[in-house]
There are 2 protein chains.
Amino acid sequence: MADWQPAYARRAEGMKASEIRELLKLIERPGITSFAGGIPDPELFPSAAAAQAYADVFATRSGARALQYSVSEGYEPLRCWIAALMTTRGVPASADNILITAGSQQALDFLGKLLVTPGDTVLVARPTYLGALQAFSAYEPHFDTIEPGRSNRTPASYADPAGQKMSGARVKFAYAVSDFANPTGETMSETARLQLLELADELEIPVLEDTAYTALRFDGSDVPAIQALDLRRCGSVDRSRVIYLGTFSKTVAPGLRIGWVCASRAIISRLVLVKQASDLNMSAINQLVMHQLVTDGRHDRLIARAREHYRVKRDAMLQALAAHMPPQVTWSRPDGGLFVWLTLPEAVSSSELLVRAVDEAGVAFVPGGAFFHDGRGANTLRLSYSLPSASAIGPAIERLARLLK
Amino acid sequence: MADWQPAYARRAEGMKASEIRELLKLIERPGITSFAGGIPDPELFPSAAAAQAYADVFATRSGARALQYSVSEGYEPLRCWIAALMTTRGVPASADNILITAGSQQALDFLGKLLVTPGDTVLVARPTYLGALQAFSAYEPHFDTIEPGRSNRTPASYADPAGQKMSGARVKFAYAVSDFANPTGETMSETARLQLLELADELEIPVLEDTAYTALRFDGSDVPAIQALDLRRCGSVDRSRVIYLGTFSKTVAPGLRIGWVCASRAIISRLVLVKQASDLNMSAINQLVMHQLVTDGRHDRLIARAREHYRVKRDAMLQALAAHMPPQVTWSRPDGGLFVWLTLPEAVSSSELLVRAVDEAGVAFVPGGAFFHDGRGANTLRLSYSLPSASAIGPAIERLARLLK
């Protein structure tokens with residue numbers, strides 16, 4: 001009877017997730033200093049405020065509205081608040097430009113669902129966020145690499161039918177993590193953002209701007225959002241080709257599963273239909289609670305605390321890398337976010353290093369290959385400083401470095 | 001700049017939802033007795049228990065775990081509890097057979113995503129749950145009608161290459177709401193369930209069994225779940241071709257967005273990858289709270305109360321229909337659930353009737369056409385007795401009946 005099962009299961013195979021799932025279990029293993037998880041430090045969660053917010057919801061609304069189905073676009077006061085936040089980020093928006101999603105991950109899935117037909121081409125950085133590759137892969141695109149400002153491929157070659165055939169089919173969108181990217185920690189320069197917009201103009205495609213880490217800047221000044229730069233040209237979010245993905249997972253807490261999309265009303269109205277078909281609507285109670293957790297300046301205070309908290313850890317990691325790594329190892333120097341990206345000598349496999357790192361050094365990380373759509377990156381790895389204490393980071397980096405000498 | 005937008009938006013067009021969305025807004029309109037919503041009566045929500053459960057989560061776990069990312073398969077104690085529930089429903093299962101989803105709707109979406117390639121055939125009842133048609137439509141299948149026991153199409157015709165061409169392509173699964181179906185209120189007989197399993201055997205396809213209303217039985221005895229009947233033949237859920245979809249939305253509350261899939265480990269392990277790619281994981285806190293709301297006999301007590309509550313309303317509606325409807329109108333007599341299905345004379349359009357019903361009788365319902373995959377059903381409509389008070393149901397049905405005389 002089981003012989004019918006393999007016949008229809010190919011879809012899950014594009015989602016090369018099991019390796020990462022196993023890795024993430026290392027976080028919980030006692031005695032391991034884990035740089036593997038890209039998850040926020042629970043010390044920062046506003047637990048007391050959240051407890052109060054849940055209590056307030058029941059005290060003031062008797063639970064009826066909080067426990068009922070709700071509208072697919074999301075809780076309107078929260079959408080209004082996010083629209084005002086977007087305005088401070090250079091994107092004047094109204095609630096009609098906002099859809100609430102189950103974290104940014106659901107927005108990535110919905111945009112793949114809305115935009116991609118099997119065989120279409122999707123442009124991504126190399127490396128890029130593994131979860132984006134997983135979300136898009138469900139819709140069976142061909143991936144190609146976008147390298148604004150240093151592309152080895154011209155826009156014309158994408159528009160060329162022969163080029164399309166070579167690369168799969170029509171390009172449907174470009175995806176970029178603009179600030180302190182997962183996995184590299186790097187930030188796109190304003191020039192690179194403008195070049196990406198020019199490429200998108202030539203290809204007539206939308207740009208998906210993932211801002212999961214944008215609020216967590218430690219040094220330097222904000223670079224305008226790609227969507228904000230587009231608005232300087234087109235004048236209004238309703239005319240923008242940029243689809244902005246935001247989340248509260250890194251600034252408030254991921255366990256409420258709340259993120260958002262900011263885009264033209266034309267896009268949002270279609271994404272609302274996708275939301276309805278996919279899971280009807282978000283948890284009403286979690287949206288009411290999130291609204292209480294961010295209003296009246298609370299979001300700014302949470303961000304200020306998170307910046308200081310992670311800056312100390314970032315400093316500890318960069319200092320330890322400089323002090324202990326052999327000269328043939330290089331790494332990124334992020335101005336914010338949660339990640340440092342290491343490049344080992346060509347001949348060194350980070351997957352093989354991980355086995356030794358766990359066994360001999362008590363250190364875990366994520367091998368970099370998973371973040372490449374084309375199988376490269378065997379000599380790279382991602383370090384996250386978010387979870388270990390600042391005092392544990394230095395000794396763990398020193399132990400890891402010893403394996404590389 | 002806006003000219004690039006329509007080019008990639010065809011996906012949302014299969015999800016003919018906007019009409020229904022507008023209709024559901026009527027629920028809120030003052031002075032209207034709405035039979036339109038299929039949503040549970042908030043009077044039944046365990047608000048005090050939920051408030052206590054949220055408080056307990058923070059009191060005992062300091063919020064850290066409740067507010068963090070969590071595993072994609074779902075909170076293990078809740079999965080264990082559901083596995084025990086499935087055992088009482090004739091399906092001995094373990095936690096590895098359970099995936100927690102954002103309501104049944106997300107399970108429908110995930111199964112479409114896992115199983116359907118554009119052009120495949122999906123077998124559904126006619127009429128069937130609109131949300132299932134919407135979820136599957138995103139993956140662009142061809143729909144065909146399954147009528148166990150009175151099929152005008154033989155299994156051989158689906159297996160026949162010519163038949164496949166005619167109907168689109170290979171049949172990928174059959175979908176059925178087994179008890180008190182949305183929209184008809186009808187329950188499949190044990191014979192019909194066995195016939196569906198035989199058809200599935202011949203076609204070598206899985207059966208998706210949607211049990212959203214199963215717990216809400218008022219009269220008669222339970223019919224074994226299709227999955228339980230399959231287990232009598234194949235011996236184990238790991239060998240079953242049935243994928244069982246359950247939800248807490250109709251028995252506890254929909255606002256926590258928690259449902260489940262019970263299936264073979266081979267299916268569940270693939271759905272876990274789909275979950276991870278789609279939205280990473282469920283809200284941790286809502287799963288902790290749901291676990292507290294259903295354990296220690298609380299789920300049974302909630303169900304007992306809901307059954308009594310809706311039985312009174314169902315009786316009020318059936319009595320009023322019998323007393324007031326003209327003889328050329330017929331309707332279903334559900335033994336449970338939330339819906340009665342009306343068939344008007346062939347020439348009467350329920351969409352046109354709705355306009356008059358709202359304006360002249362202060363009554364809303366859902367025209368039946370939306371529940372048909374093939375555009376039929378213009379003379380049908382769905383009445384839900386879940387929201388109006390028992391005393392309001394009779395007079396509203398009387399006013400509606402007057403329009404049909």
# chains A, B, ... in the order shown; residues from 1 in each chain; ligands from 1
$ closest_atom_pairs --of "chain B" --to "chain A" --cutoff "6 Å" --atoms "only C-alpha atoms" --output "JSON lines"
{"residue": "B:Ala2", "atom": "CA", "partner": "A:Arg239", "partner_atom": "CA", "distance": 5.6}
{"residue": "B:Trp4", "atom": "CA", "partner": "A:Glu204", "partner_atom": "CA", "distance": 5.9}
{"residue": "B:Tyr8", "atom": "CA", "partner": "A:Leu115", "partner_atom": "CA", "distance": 5.6}
{"residue": "B:Arg11", "atom": "CA", "partner": "A:Leu114", "partner_atom": "CA", "distance": 5.3}
{"residue": "B:Ala12", "atom": "CA", "partner": "A:Arg270", "partner_atom": "CA", "distance": 5.7}
{"residue": "B:Pro42", "atom": "CA", "partner": "A:Ala64", "partner_atom": "CA", "distance": 5.4}
{"residue": "B:Ser47", "atom": "CA", "partner": "A:Gly63", "partner_atom": "CA", "distance": 5.0}
{"residue": "B:Gly63", "atom": "CA", "partner": "A:Ser47", "partner_atom": "CA", "distance": 5.0}
{"residue": "B:Ala64", "atom": "CA", "partner": "A:Pro42", "partner_atom": "CA", "distance": 5.3}
{"residue": "B:Leu67", "atom": "CA", "partner": "A:Gly255", "partner_atom": "CA", "distance": 3.9}
{"residue": "B:Gln68", "atom": "CA", "partner": "A:Gly255", "partner_atom": "CA", "distance": 4.6}
{"residue": "B:Tyr69", "atom": "CA", "partner": "A:Gly255", "partner_atom": "CA", "distance": 5.3}
{"residue": "B:Gln105", "atom": "CA", "partner": "A:Asp279", "partner_atom": "CA", "distance": 4.9}
{"residue": "B:Gln106", "atom": "CA", "partner": "A:Asp279", "partner_atom": "CA", "distance": 4.6}
{"residue": "B:Asp109", "atom": "CA", "partner": "A:Ser278", "partner_atom": "CA", "distance": 5.4}
{"residue": "B:Leu114", "atom": "CA", "partner": "A:Arg11", "partner_atom": "CA", "distance": 5.3}
{"residue": "B:Leu115", "atom": "CA", "partner": "A:Tyr8", "partner_atom": "CA", "distance": 5.7}
{"residue": "B:Gln134", "atom": "CA", "partner": "A:Ala277", "partner_atom": "CA", "distance": 5.2}
{"residue": "B:Ala135", "atom": "CA", "partner": "A:Ala277", "partner_atom": "CA", "distance": 4.6}
{"residue": "B:Glu204", "atom": "CA", "partner": "A:Trp4", "partner_atom": "CA", "distance": 5.9}
{"residue": "B:Arg239", "atom": "CA", "partner": "A:Ala2", "partner_atom": "CA", "distance": 5.6}
{"residue": "B:Ala253", "atom": "CA", "partner": "A:Leu67", "partner_atom": "CA", "distance": 5.6}
{"residue": "B:Pro254", "atom": "CA", "partner": "A:Gln68", "partner_atom": "CA", "distance": 5.4}
{"residue": "B:Gly255", "atom": "CA", "partner": "A:Leu67", "partner_atom": "CA", "distance": 3.9}
{"residue": "B:Leu256", "atom": "CA", "partner": "A:Ser283", "partner_atom": "CA", "distance": 5.2}
{"residue": "B:Arg257", "atom": "CA", "partner": "A:Ser283", "partner_atom": "CA", "distance": 5.7}
{"residue": "B:Arg270", "atom": "CA", "partner": "A:Ala12", "partner_atom": "CA", "distance": 5.7}
{"residue": "B:Ala277", "atom": "CA", "partner": "A:Ala135", "partner_atom": "CA", "distance": 4.6}
{"residue": "B:Ser278", "atom": "CA", "partner": "A:Asp109", "partner_atom": "CA", "distance": 5.4}
{"residue": "B:Asp279", "atom": "CA", "partner": "A:Gln106", "partner_atom": "CA", "distance": 4.6}
{"residue": "B:Ser283", "atom": "CA", "partner": "A:Gly255", "partner_atom": "CA", "distance": 5.0}
{"residue": "B:Ala284", "atom": "CA", "partner": "A:Gly255", "partner_atom": "CA", "distance": 5.3}
$ write_last_selection --atoms "N, CA and C atoms" --output "short mmCIF file (atom, residue, chain, number, x, y, z; two decimals), in the first residue's frame"
data_model
loop_
_atom_site.label_atom_id
_atom_site.label_comp_id
_atom_site.auth_asym_id
_atom_site.auth_seq_id
_atom_site.Cartn_x
_atom_site.Cartn_y
_atom_site.Cartn_z
N ALA B 2 3.59 51.51 -13.44
CA ALA B 2 2.65 50.49 -12.97
C ALA B 2 2.37 49.42 -14.03
N TRP B 4 4.12 47.14 -15.22
CA TRP B 4 4.69 45.82 -15.00
C TRP B 4 3.83 44.99 -14.05
N TYR B 8 2.23 39.76 -13.86
CA TYR B 8 2.54 38.56 -13.08
C TYR B 8 1.50 38.28 -12.03
N ARG B 11 -1.95 34.62 -10.78
CA ARG B 11 -2.15 33.60 -9.76
C ARG B 11 -3.34 33.85 -8.84
N ALA B 12 -3.52 35.10 -8.47
CA ALA B 12 -4.58 35.40 -7.51
C ALA B 12 -5.96 35.26 -8.12
N PRO B 42 -18.99 33.16 19.28
CA PRO B 42 -17.99 33.54 20.31
C PRO B 42 -18.47 33.33 21.73
N SER B 47 -12.97 32.00 27.15
CA SER B 47 -12.16 33.20 27.34
C SER B 47 -11.44 33.22 28.69
N GLY B 63 8.33 33.29 29.73
CA GLY B 63 8.13 33.86 28.41
C GLY B 63 9.16 33.47 27.37
N ALA B 64 10.36 33.04 27.82
CA ALA B 64 11.45 32.86 26.85
C ALA B 64 11.08 31.82 25.80
N LEU B 67 7.99 32.82 23.51
CA LEU B 67 8.16 33.91 22.55
C LEU B 67 9.26 33.63 21.53
N GLN B 68 9.89 32.46 21.60
CA GLN B 68 11.00 32.12 20.70
C GLN B 68 10.48 31.37 19.46
N TYR B 69 11.33 31.24 18.44
CA TYR B 69 11.05 30.30 17.37
C TYR B 69 10.84 28.91 17.97
N GLN B 105 -7.05 25.14 7.13
CA GLN B 105 -6.82 25.82 5.86
C GLN B 105 -5.37 25.69 5.42
N GLN B 106 -4.44 25.84 6.38
CA GLN B 106 -3.04 25.72 6.00
C GLN B 106 -2.69 24.31 5.57
N ASP B 109 -3.65 24.02 1.98
CA ASP B 109 -2.64 24.69 1.16
C ASP B 109 -1.39 23.83 1.02
N LEU B 114 2.32 20.30 -1.94
CA LEU B 114 3.12 19.08 -1.99
C LEU B 114 2.73 18.20 -3.18
N LEU B 115 1.44 18.19 -3.51
CA LEU B 115 0.96 17.15 -4.41
C LEU B 115 0.62 17.62 -5.82
N GLN B 134 -10.21 27.27 -3.09
CA GLN B 134 -9.26 28.39 -3.15
C GLN B 134 -7.83 27.92 -2.91
N ALA B 135 -7.65 27.09 -1.87
CA ALA B 135 -6.29 26.63 -1.53
C ALA B 135 -5.70 25.83 -2.69
N GLU B 204 -4.80 4.78 -7.11
CA GLU B 204 -3.53 4.91 -6.36
C GLU B 204 -3.30 6.36 -5.93
N ARG B 239 0.71 3.05 6.95
CA ARG B 239 0.41 2.45 5.65
C ARG B 239 -0.86 3.02 5.03
N ALA B 253 -11.43 27.52 19.70
CA ALA B 253 -11.52 28.89 19.17
C ALA B 253 -10.63 29.00 17.94
N PRO B 254 -11.09 29.75 16.93
CA PRO B 254 -10.27 29.88 15.71
C PRO B 254 -9.13 30.89 15.83
N GLY B 255 -9.20 31.80 16.82
CA GLY B 255 -8.24 32.90 16.88
C GLY B 255 -6.82 32.49 17.23
N LEU B 256 -6.65 31.26 17.73
CA LEU B 256 -5.30 30.78 17.99
C LEU B 256 -4.69 30.14 16.75
N ARG B 257 -5.54 29.88 15.72
CA ARG B 257 -5.09 29.32 14.42
C ARG B 257 -4.34 28.02 14.62
N ARG B 270 7.50 15.07 5.02
CA ARG B 270 7.56 16.00 3.89
C ARG B 270 6.78 17.28 4.19
N ALA B 277 9.41 25.80 5.00
CA ALA B 277 9.59 26.72 3.87
C ALA B 277 8.48 27.76 3.82
N SER B 278 7.31 27.44 4.38
CA SER B 278 6.16 28.34 4.24
C SER B 278 6.09 29.41 5.32
N ASP B 279 6.31 29.04 6.58
CA ASP B 279 6.28 30.06 7.64
C ASP B 279 7.10 29.65 8.87
N SER B 283 3.10 29.76 16.04
CA SER B 283 3.29 30.56 17.26
C SER B 283 3.47 29.61 18.44
N ALA B 284 4.61 29.72 19.11
CA ALA B 284 4.89 28.83 20.24
C ALA B 284 3.88 29.05 21.36
#
$ closest_residue --among "A:Gly369, A:Gly362, A:Gly337, A:Pro77" --to "Val289 in chain A" --atoms "only C-alpha atoms"
A:Pro77
$ select_by_dssp --residues "range 51-236 of chain B" --states "alpha helix (DSSP H)" --output "PyMOL selection string"
chain B and resi 51-61+76-88+103-115+130-137+155-159+161-167+190-203+226-234
$ residues_around --residues "range 377-383 of chain A" --least-positions-apart "5" --cutoff "8 Å" --atoms "only C-alpha atoms" --output "list in words"
Phe35, Ala36, Pro127, Pro183, Thr184, Phe339, Val340, Trp341, Leu342, Thr343, Leu344, Pro345, Glu346, Ala347, Val348, Ser349, Ser350, Ser351, Phe365, Val366, Pro367, Gly368, Gly369, Phe371 and Phe372 of chain A
$ write_last_selection --atoms "N, CA and C atoms" --output "PDB file, in the first residue's frame"
ATOM      1  N   PHE A  35      27.266  28.980  17.507  1.00  0.00           N
ATOM      2  CA  PHE A  35      27.140  30.128  16.631  1.00  0.00           C
ATOM      3  C   PHE A  35      26.237  29.775  15.438  1.00  0.00           C
ATOM      4  N   ALA A  36      25.476  28.674  15.569  1.00  0.00           N
ATOM      5  CA  ALA A  36      24.696  28.173  14.432  1.00  0.00           C
ATOM      6  C   ALA A  36      23.369  28.919  14.269  1.00  0.00           C
ATOM      7  N   PRO A 127      26.137  34.267  -1.570  1.00  0.00           N
ATOM      8  CA  PRO A 127      25.078  33.507  -0.907  1.00  0.00           C
ATOM      9  C   PRO A 127      23.891  34.392  -0.538  1.00  0.00           C
ATOM     10  N   PRO A 183      23.353  35.407   4.926  1.00  0.00           N
ATOM     11  CA  PRO A 183      24.284  35.022   5.976  1.00  0.00           C
ATOM     12  C   PRO A 183      25.528  35.908   6.113  1.00  0.00           C
ATOM     13  N   THR A 184      25.725  36.900   5.254  1.00  0.00           N
ATOM     14  CA  THR A 184      27.065  37.518   5.206  1.00  0.00           C
ATOM     15  C   THR A 184      27.270  38.650   6.196  1.00  0.00           C
ATOM     16  N   PHE A 339      25.166  38.357  12.133  1.00  0.00           N
ATOM     17  CA  PHE A 339      26.035  37.380  11.467  1.00  0.00           C
ATOM     18  C   PHE A 339      27.401  37.909  11.052  1.00  0.00           C
ATOM     19  N   VAL A 340      28.398  37.015  11.168  1.00  0.00           N
ATOM     20  CA  VAL A 340      29.718  37.212  10.554  1.00  0.00           C
ATOM     21  C   VAL A 340      29.937  36.038   9.593  1.00  0.00           C
ATOM     22  N   TRP A 341      30.512  36.343   8.441  1.00  0.00           N
ATOM     23  CA  TRP A 341      30.695  35.344   7.374  1.00  0.00           C
ATOM     24  C   TRP A 341      32.177  35.066   7.216  1.00  0.00           C
ATOM     25  N   LEU A 342      32.542  33.820   7.366  1.00  0.00           N
ATOM     26  CA  LEU A 342      33.952  33.443   7.285  1.00  0.00           C
ATOM     27  C   LEU A 342      34.261  32.750   5.964  1.00  0.00           C
ATOM     28  N   THR A 343      35.394  33.097   5.373  1.00  0.00           N
ATOM     29  CA  THR A 343      35.876  32.378   4.198  1.00  0.00           C
ATOM     30  C   THR A 343      37.192  31.699   4.558  1.00  0.00           C
ATOM     31  N   LEU A 344      37.206  30.371   4.430  1.00  0.00           N
ATOM     32  CA  LEU A 344      38.389  29.572   4.747  1.00  0.00           C
ATOM     33  C   LEU A 344      39.229  29.424   3.476  1.00  0.00           C
ATOM     34  N   PRO A 345      40.430  28.921   3.605  1.00  0.00           N
ATOM     35  CA  PRO A 345      41.186  28.618   2.383  1.00  0.00           C
ATOM     36  C   PRO A 345      40.385  27.670   1.481  1.00  0.00           C
ATOM     37  N   GLU A 346      40.564  27.808   0.162  1.00  0.00           N
ATOM     38  CA  GLU A 346      39.788  27.049  -0.838  1.00  0.00           C
ATOM     39  C   GLU A 346      39.686  25.559  -0.512  1.00  0.00           C
ATOM     40  N   ALA A 347      40.753  24.995  -0.035  1.00  0.00           N
ATOM     41  CA  ALA A 347      40.807  23.538   0.121  1.00  0.00           C
ATOM     42  C   ALA A 347      40.104  23.045   1.381  1.00  0.00           C
ATOM     43  N   VAL A 348      39.706  23.962   2.259  1.00  0.00           N
ATOM     44  CA  VAL A 348      39.132  23.534   3.539  1.00  0.00           C
ATOM     45  C   VAL A 348      37.606  23.442   3.428  1.00  0.00           C
ATOM     46  N   SER A 349      37.042  22.290   3.804  1.00  0.00           N
ATOM     47  CA  SER A 349      35.590  22.096   3.783  1.00  0.00           C
ATOM     48  C   SER A 349      35.004  22.486   5.137  1.00  0.00           C
ATOM     49  N   SER A 350      34.062  23.436   5.128  1.00  0.00           N
ATOM     50  CA  SER A 350      33.462  23.858   6.393  1.00  0.00           C
ATOM     51  C   SER A 350      32.569  22.765   6.978  1.00  0.00           C
ATOM     52  N   SER A 351      32.010  21.888   6.140  1.00  0.00           N
ATOM     53  CA  SER A 351      31.205  20.772   6.661  1.00  0.00           C
ATOM     54  C   SER A 351      32.077  19.814   7.452  1.00  0.00           C
ATOM     55  N   PHE A 365      28.481  25.930  14.123  1.00  0.00           N
ATOM     56  CA  PHE A 365      28.195  27.024  13.187  1.00  0.00           C
ATOM     57  C   PHE A 365      27.434  26.410  12.023  1.00  0.00           C
ATOM     58  N   VAL A 366      27.054  27.206  11.034  1.00  0.00           N
ATOM     59  CA  VAL A 366      26.377  26.662   9.856  1.00  0.00           C
ATOM     60  C   VAL A 366      27.335  26.699   8.667  1.00  0.00           C
ATOM     61  N   PRO A 367      27.646  25.536   8.076  1.00  0.00           N
ATOM     62  CA  PRO A 367      28.469  25.534   6.866  1.00  0.00           C
ATOM     63  C   PRO A 367      27.817  26.395   5.783  1.00  0.00           C
ATOM     64  N   GLY A 368      28.619  27.115   5.004  1.00  0.00           N
ATOM     65  CA  GLY A 368      28.074  28.125   4.104  1.00  0.00           C
ATOM     66  C   GLY A 368      27.408  27.602   2.850  1.00  0.00           C
ATOM     67  N   GLY A 369      27.699  26.375   2.467  1.00  0.00           N
ATOM     68  CA  GLY A 369      27.192  25.869   1.187  1.00  0.00           C
ATOM     69  C   GLY A 369      25.680  25.963   1.045  1.00  0.00           C
ATOM     70  N   PHE A 371      23.723  28.193   1.722  1.00  0.00           N
ATOM     71  CA  PHE A 371      23.230  29.523   1.346  1.00  0.00           C
ATOM     72  C   PHE A 371      23.506  29.860  -0.120  1.00  0.00           C
ATOM     73  N   PHE A 372      24.129  28.930  -0.835  1.00  0.00           N
ATOM     74  CA  PHE A 372      24.434  29.139  -2.259  1.00  0.00           C
ATOM     75  C   PHE A 372      23.419  28.366  -3.102  1.00  0.00           C
TER      76      PHE A 372
END
$ select_by_dssp --residues "range 194-314 of chain A" --states "strand (DSSP E or B)" --output "number ranges by chain"
A: 207-210, 217, 242-247, 259-262
$ write_last_selection --atoms "C-alpha atoms" --output "CSV table (one decimal), in the first residue's frame"
chain,number,residue,atom,x,y,z
A,207,VAL,CA,12.4,43.9,-6.2
A,208,LEU,CA,11.7,42.0,-3.0
A,209,GLU,CA,13.5,43.9,-0.2
A,210,ASP,CA,14.0,41.8,2.9
A,217,ARG,CA,22.3,48.9,13.3
A,242,VAL,CA,9.7,47.4,-4.6
A,243,ILE,CA,7.9,45.0,-2.2
A,244,TYR,CA,9.2,45.6,1.3
A,245,LEU,CA,9.3,42.7,3.8
A,246,GLY,CA,9.5,43.6,7.5
A,247,THR,CA,9.3,41.6,10.7
A,259,GLY,CA,5.8,40.3,10.0
A,260,TRP,CA,4.5,42.5,7.2
A,261,VAL,CA,4.6,43.4,3.5
A,262,CYS,CA,4.6,47.0,2.4
$ atom_distance --atom1 "CA of Ala228 in chain B" --atom2 "CA of Arg265 in chain B"
16.4 Å
$ closest_atom_pairs --of "range 169-288 of chain B" --to "range 87-94 of chain B" --cutoff "8 Å" --atoms "only C-alpha atoms" --output "Markdown table"
| residue | atom | partner | partner_atom | distance |
| --- | --- | --- | --- | --- |
| B:Pro224 | CA | B:Gly90 | CA | 7.3 |
| B:Ala225 | CA | B:Arg89 | CA | 7.1 |
| B:Gln227 | CA | B:Val91 | CA | 6.9 |
| B:Ala228 | CA | B:Gly90 | CA | 5.0 |
| B:Leu231 | CA | B:Val91 | CA | 7.0 |
| B:Ser236 | CA | B:Pro92 | CA | 7.5 |
| B:Val237 | CA | B:Ala93 | CA | 6.6 |
| B:Cys262 | CA | B:Ala93 | CA | 7.8 |
